[in-house]
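Structure file start.tsv (TSV, C-alpha atoms) is printed below.
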```tsv
chain	number	residue	atom	x	y	z
A	1	MET	CA	52.54	-16.10	-1.66
A	2	SER	CA	48.85	-16.13	-0.80
A	3	SER	CA	49.47	-15.16	2.85
A	4	HIS	CA	51.62	-12.25	1.67
A	5	ASN	CA	48.74	-10.86	-0.42
A	6	MET	CA	46.27	-11.32	2.44
A	7	THR	CA	48.51	-9.32	4.81
A	8	GLU	CA	48.79	-6.52	2.25
A	9	VAL	CA	45.02	-6.43	1.80
A	10	LEU	CA	44.42	-6.27	5.57
A	11	VAL	CA	46.99	-3.50	6.08
A	12	GLY	CA	45.56	-1.58	3.12
A	13	GLY	CA	42.05	-1.93	4.54
A	14	ALA	CA	43.20	-0.69	7.96
A	15	VAL	CA	44.88	2.35	6.37
A	16	LEU	CA	41.76	3.09	4.33
A	17	ALA	CA	39.52	2.79	7.43
A	18	ALA	CA	41.84	5.14	9.35
A	19	ALA	CA	41.68	7.68	6.48
A	20	VAL	CA	37.88	7.56	6.39
A	21	ALA	CA	37.69	7.93	10.19
A	22	PHE	CA	40.01	10.95	10.05
A	23	GLY	CA	37.91	12.51	7.28
A	24	VAL	CA	34.70	12.10	9.31
A	25	TYR	CA	36.38	13.54	12.41
A	26	ALA	CA	37.79	16.52	10.47
A	27	SER	CA	34.43	17.35	8.87
A	28	GLN	CA	32.67	17.24	12.24
A	29	ALA	CA	35.36	19.29	13.99
A	30	THR	CA	35.24	22.03	11.35
A	31	GLY	CA	31.46	22.09	11.11
A	32	LEU	CA	31.32	21.00	7.48
A	33	SER	CA	29.05	18.07	8.28
A	34	ARG	CA	26.32	20.32	9.69
A	35	GLY	CA	25.41	21.52	6.25
A	36	SER	CA	22.77	24.23	6.31
A	37	ALA	CA	21.45	23.59	9.83
A	38	GLY	CA	19.89	26.88	10.84
A	39	TYR	CA	18.87	29.95	8.91
A	40	GLU	CA	20.85	32.52	6.98
A	41	LEU	CA	21.12	36.26	7.64
A	42	THR	CA	23.12	38.95	5.86
A	43	ALA	CA	24.97	42.07	6.98
A	44	SER	CA	27.13	44.72	5.31
A	45	PHE	CA	30.35	45.93	6.96
A	46	ARG	CA	32.71	48.83	6.28
A	47	SER	CA	35.66	46.61	7.25
A	48	LEU	CA	35.67	42.85	7.65
A	49	GLU	CA	39.34	42.53	8.57
A	50	GLY	CA	40.14	39.10	10.02
A	51	VAL	CA	36.78	37.52	9.17
A	52	THR	CA	36.55	34.86	6.47
A	53	ILE	CA	34.25	32.01	5.51
A	54	GLY	CA	34.07	29.64	8.47
A	55	THR	CA	34.55	32.34	11.13
A	56	ASP	CA	32.43	31.88	14.26
A	57	VAL	CA	29.23	33.83	14.87
A	58	ARG	CA	28.77	34.28	18.62
A	59	LEU	CA	26.09	35.54	20.96
A	60	ALA	CA	27.12	36.14	24.59
A	61	GLY	CA	30.38	34.32	23.86
A	62	VAL	CA	28.63	31.16	22.65
A	63	LYS	CA	29.01	29.98	19.06
A	64	ILE	CA	25.62	30.11	17.36
A	65	GLY	CA	26.64	30.01	13.72
A	66	THR	CA	29.24	30.43	11.02
A	67	VAL	CA	30.09	32.97	8.33
A	68	THR	CA	29.15	31.32	5.03
A	69	GLY	CA	29.94	34.00	2.46
A	70	VAL	CA	31.89	37.23	1.99
A	71	GLU	CA	31.74	39.44	-1.10
A	72	LEU	CA	32.76	43.00	-1.91
A	73	ASN	CA	29.81	45.11	-3.01
A	74	PRO	CA	31.20	47.09	-6.00
A	75	GLU	CA	28.60	49.85	-5.61
A	76	SER	CA	28.90	50.58	-1.89
A	77	TYR	CA	32.48	49.30	-1.37
A	78	ARG	CA	31.31	47.40	1.68
A	79	ALA	CA	31.80	43.75	2.59
A	80	ASP	CA	28.48	41.95	2.16
A	81	THR	CA	28.45	38.99	4.53
A	82	ARG	CA	26.21	35.93	4.80
A	83	PHE	CA	26.10	33.88	7.99
A	84	THR	CA	24.02	31.13	9.50
A	85	VAL	CA	22.37	31.08	12.91
A	86	ALA	CA	21.53	27.77	14.57
A	87	GLU	CA	17.91	26.65	14.39
A	88	GLY	CA	15.93	27.57	17.50
A	89	ILE	CA	17.89	30.75	18.29
A	90	GLN	CA	15.76	33.81	17.71
A	91	ILE	CA	17.55	37.12	17.31
A	92	PRO	CA	15.62	40.38	17.89
A	93	ASP	CA	15.33	42.43	14.69
A	94	ASP	CA	17.02	45.48	16.27
A	95	SER	CA	20.20	43.55	17.10
A	96	ALA	CA	23.65	44.64	15.94
A	97	ALA	CA	26.37	42.64	14.20
A	98	VAL	CA	29.85	43.62	15.38
A	99	ILE	CA	33.30	42.40	14.39
A	100	SER	CA	34.99	41.62	17.72
A	101	SER	CA	38.47	40.46	18.62
A	102	GLU	CA	39.45	37.61	20.92
A	103	GLY	CA	42.31	39.75	22.25
A	104	LEU	CA	45.45	41.50	21.07
A	105	LEU	CA	46.83	38.43	19.34
A	106	GLY	CA	43.59	36.48	18.83
A	107	GLY	CA	41.45	36.28	15.74
A	108	ASN	CA	38.24	38.13	14.99
A	109	PHE	CA	34.70	36.82	15.07
A	110	LEU	CA	31.21	38.07	14.26
A	111	GLU	CA	29.39	38.96	17.46
A	112	ILE	CA	25.64	39.46	17.67
A	113	MET	CA	24.63	42.15	20.17
A	114	PRO	CA	20.96	41.43	20.89
A	115	GLY	CA	18.43	44.23	20.92
A	116	GLY	CA	15.22	44.49	22.88
A	117	SER	CA	12.64	44.16	20.11
A	118	LEU	CA	9.75	41.75	20.43
A	119	PHE	CA	10.10	40.87	16.74
A	120	TYR	CA	12.76	38.54	15.38
A	121	PHE	CA	14.80	38.20	12.20
A	122	GLU	CA	13.38	35.86	9.60
A	123	PRO	CA	15.57	33.71	7.31
A	124	GLY	CA	17.16	35.89	4.64
A	125	ASP	CA	16.78	39.18	6.56
A	126	THR	CA	19.56	41.77	6.72
A	127	VAL	CA	21.10	43.06	9.95
A	128	GLU	CA	21.17	46.83	9.39
A	129	ASP	CA	23.10	47.86	12.51
A	130	THR	CA	26.72	46.81	11.94
A	131	GLN	CA	30.14	47.80	13.22
A	132	GLY	CA	33.21	46.81	11.26
A	133	ALA	CA	36.61	45.70	12.48
A	134	VAL	CA	38.81	48.22	14.26
A	135	SER	CA	42.40	48.06	13.07
A	136	LEU	CA	44.86	47.96	15.95
A	137	ILE	CA	47.57	49.41	13.70
A	138	SER	CA	45.48	52.48	12.80
A	139	LEU	CA	44.66	53.04	16.48
A	140	LEU	CA	48.36	52.91	17.38
A	141	VAL	CA	49.25	55.34	14.57
A	142	LYS	CA	46.61	57.80	15.79
A	143	PHE	CA	47.90	57.51	19.36
A	144	VAL	CA	51.54	58.01	18.36
A	145	ALA	CA	50.65	60.93	16.08
A	146	GLY	CA	48.89	62.61	19.00
A	147	ASP	CA	45.42	62.48	17.47
A	148	GLY	CA	43.80	61.06	20.59
A	149	GLY	CA	40.45	62.67	19.79
A	150	ASP	CA	40.40	64.75	22.98
A	151	GLY	CA	39.79	67.97	21.07
A	152	GLN	CA	43.30	69.46	21.51
```
Rewrite the structure of this file - the entire thing - as structure tokens.
Amino acid sequence: MSSHNMTEVLVGGAVLAAAVAFGVYASQATGLSRGSAGYELTASFRSLEGVTIGTDVRLAGVKIGTVTGVELNPESYRADTRFTVAEGIQIPDDSAAVISSEGLLGGNFLEIMPGGSLFYFEPGDTVEDTQGAVSLISLLVKFVAGDGGDGQ
């Protein structure tokens, strides 16, 4: 009977160790283990379609941060967004924040379009120059309806 209990304890310990290892791997893969590494910036968008908490923030196609908060501003009816930027990456204070798409079927991400200023954003600053998400459906409806914007 004693050897039966020892086998059960060993198997239970192996299962528990595997569960802990999976949890550590999952937290590292999703970026949860990084905590607040970096500094936070904010931006306000007309449309934040396809962007949620955890969405990538990219500069030149390279992930430099993550969206950490999204709230509707009840006064301006805009999506107020908080995001982190990795420590050591300085973004010029005339840069733009744009919601970009990975392709027709891909997801959206927050792209930083760097400006040419010699001054940089400080933690807690707001990116004033923003461009919201463009809805593919609304573009198709305009095209089909003949409102191509060519002045005719």
Checklist entry - Which one is closest to Ala97 (chain A): A:Gly65, A:Pro123, A:Phe45, A:Val144? Count all atoms listed in the file. => result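 Going through A:Gly65, A:Pro123, A:Phe45, A:Val144 one by one, the smallest distance to Ala97 (chain A) is for A:Phe45.
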Checklist entry - What is the distance, in Å and to one decimal place, between CA of Gly88 (chain A) and CA of Ile53 (chain A)? => result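 These two atoms are separated by 22.3 Å.
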Checklist entry - So which residues touch Val127 (chain A) within 12 Å, counting all atoms listed in the file, skipping near sequence neighbours fewer than 3 positions away, as a VMD selection string? => result chain A and resid 40 to 45 80 to 83 91 to 98 111 to 115 120 to 124 130 to 131
Next on the checklist: Which residues are near Val85 (chain A)? Cut-off 6 Å, all atoms listed in the file, ignore same chain within fewer than 3 positions. Put them as a PyMOL selection string.
Outcome noted: chain A and resi 38-39+64-65
Take the selection from the previous step and output its residues with C-alpha atoms, as a compact mmCIF listing (two decimals), in the frame of the given file.
```
# COMPACT_ATOMS: atom_id res chain seq x y z
CA GLY A 38 19.89 26.88 10.84
CA TYR A 39 18.87 29.95 8.91
CA ILE A 64 25.62 30.11 17.36
CA GLY A 65 26.64 30.01 13.72
```
Item to check | For Gly50 (chain A): contacts at 10 Å, only C-alpha atoms, fewer than 4 positions along chain excluded, given as a count of residues only | outcome: 11
Next on the checklist: Rounded to one decimal, what separation in Å do you get between CA of Val51 (chain A) and CA of Glu71 (chain A)?
Outcome noted: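 Taking CA of Val51 (chain A) and CA of Glu71 (chain A), their separation equals 11.6 Å.
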Checklist entry - Interatomic distance between CA of Asp56 (chain A) and CA of Gly69 (chain A)? => result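 We find that CA of Asp56 (chain A) and CA of Gly69 (chain A) lie 12.2 Å from each other.
Restricting the calculation to only C-alpha atoms, the smallest distance between Val62 (chain A) and any of A:Ile89, A:Ser47, A:Ala17, A:Ser76 is found for A:Ile89.
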Give the padded box for region 47-55 of chain A as lines of an AutoDock Vina configuration file: axis-aligned, covering all atoms listed in the file, 3 Å on each side, centre and edge lengths in Å to one decimal.
```
center_x = 37.1
center_y = 38.1
center_z = 8.3
size_x = 12.1
size_y = 23.0
size_z = 11.6
```
Is it possible to add N, CA, C and O atoms to region 81-103 of chain A and hand it back as a compact mmCIF listing (two decimals), keeping the file's coordinate frame?
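Okay, this is what ended up in result23.txt:
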```txt
# COMPACT_ATOMS: atom_id res chain seq x y z
N THR A 81 28.14 40.22 3.82
CA THR A 81 28.45 38.99 4.53
C THR A 81 27.19 38.17 4.75
O THR A 81 26.15 38.71 5.12
N ARG A 82 27.29 36.86 4.51
CA ARG A 82 26.21 35.93 4.80
C ARG A 82 26.66 35.05 5.95
O ARG A 82 27.81 34.61 5.99
N PHE A 83 25.77 34.77 6.87
CA PHE A 83 26.10 33.88 7.99
C PHE A 83 24.87 33.12 8.43
O PHE A 83 23.75 33.54 8.20
N THR A 84 25.12 31.95 9.02
CA THR A 84 24.02 31.13 9.50
C THR A 84 23.90 31.28 11.02
O THR A 84 24.88 31.55 11.71
N VAL A 85 22.68 31.09 11.48
CA VAL A 85 22.37 31.08 12.91
C VAL A 85 21.67 29.75 13.18
O VAL A 85 20.78 29.34 12.42
N ALA A 86 22.08 29.09 14.25
CA ALA A 86 21.53 27.77 14.57
C ALA A 86 20.01 27.83 14.73
O ALA A 86 19.47 28.81 15.25
N GLU A 87 19.36 26.78 14.28
CA GLU A 87 17.91 26.65 14.39
C GLU A 87 17.51 26.74 15.86
O GLU A 87 18.17 26.20 16.73
N GLY A 88 16.43 27.45 16.14
CA GLY A 88 15.93 27.57 17.50
C GLY A 88 16.43 28.80 18.24
O GLY A 88 15.95 29.10 19.32
N ILE A 89 17.39 29.51 17.67
CA ILE A 89 17.89 30.75 18.29
C ILE A 89 17.26 31.92 17.56
O ILE A 89 17.50 32.13 16.38
N GLN A 90 16.44 32.65 18.28
CA GLN A 90 15.76 33.81 17.71
C GLN A 90 16.52 35.07 18.09
O GLN A 90 16.84 35.29 19.25
N ILE A 91 16.80 35.89 17.09
CA ILE A 91 17.55 37.12 17.31
C ILE A 91 16.61 38.30 17.07
O ILE A 91 16.00 38.40 16.01
N PRO A 92 16.49 39.21 18.07
CA PRO A 92 15.62 40.38 17.89
C PRO A 92 16.03 41.19 16.66
O PRO A 92 17.22 41.32 16.35
N ASP A 93 15.04 41.75 15.96
CA ASP A 93 15.33 42.43 14.69
C ASP A 93 15.99 43.80 14.85
O ASP A 93 16.27 44.46 13.86
N ASP A 94 16.26 44.25 16.07
CA ASP A 94 17.02 45.48 16.27
C ASP A 94 18.42 45.19 16.81
O ASP A 94 19.09 46.07 17.33
N SER A 95 18.88 43.95 16.63
CA SER A 95 20.20 43.55 17.10
C SER A 95 21.28 44.12 16.18
O SER A 95 21.02 44.49 15.04
N ALA A 96 22.50 44.15 16.71
CA ALA A 96 23.65 44.64 15.94
C ALA A 96 24.61 43.50 15.67
O ALA A 96 24.74 42.57 16.47
N ALA A 97 25.30 43.58 14.54
CA ALA A 97 26.37 42.64 14.20
C ALA A 97 27.68 43.40 14.28
O ALA A 97 27.86 44.42 13.60
N VAL A 98 28.60 42.92 15.11
CA VAL A 98 29.85 43.62 15.38
C VAL A 98 31.02 42.67 15.15
O VAL A 98 30.97 41.51 15.57
N ILE A 99 32.08 43.18 14.52
CA ILE A 99 33.30 42.40 14.39
C ILE A 99 34.10 42.61 15.67
O ILE A 99 34.52 43.72 15.98
N SER A 100 34.28 41.55 16.44
CA SER A 100 34.99 41.62 17.72
C SER A 100 36.27 40.82 17.65
O SER A 100 36.42 39.93 16.82
N SER A 101 37.18 41.13 18.57
CA SER A 101 38.47 40.46 18.62
C SER A 101 38.56 39.61 19.88
O SER A 101 38.02 39.98 20.92
N GLU A 102 39.25 38.48 19.77
CA GLU A 102 39.45 37.61 20.92
C GLU A 102 40.54 38.13 21.84
O GLU A 102 40.78 37.58 22.89
N GLY A 103 41.22 39.18 21.45
CA GLY A 103 42.31 39.75 22.25
C GLY A 103 43.32 40.38 21.32
O GLY A 103 43.12 40.48 20.11
```
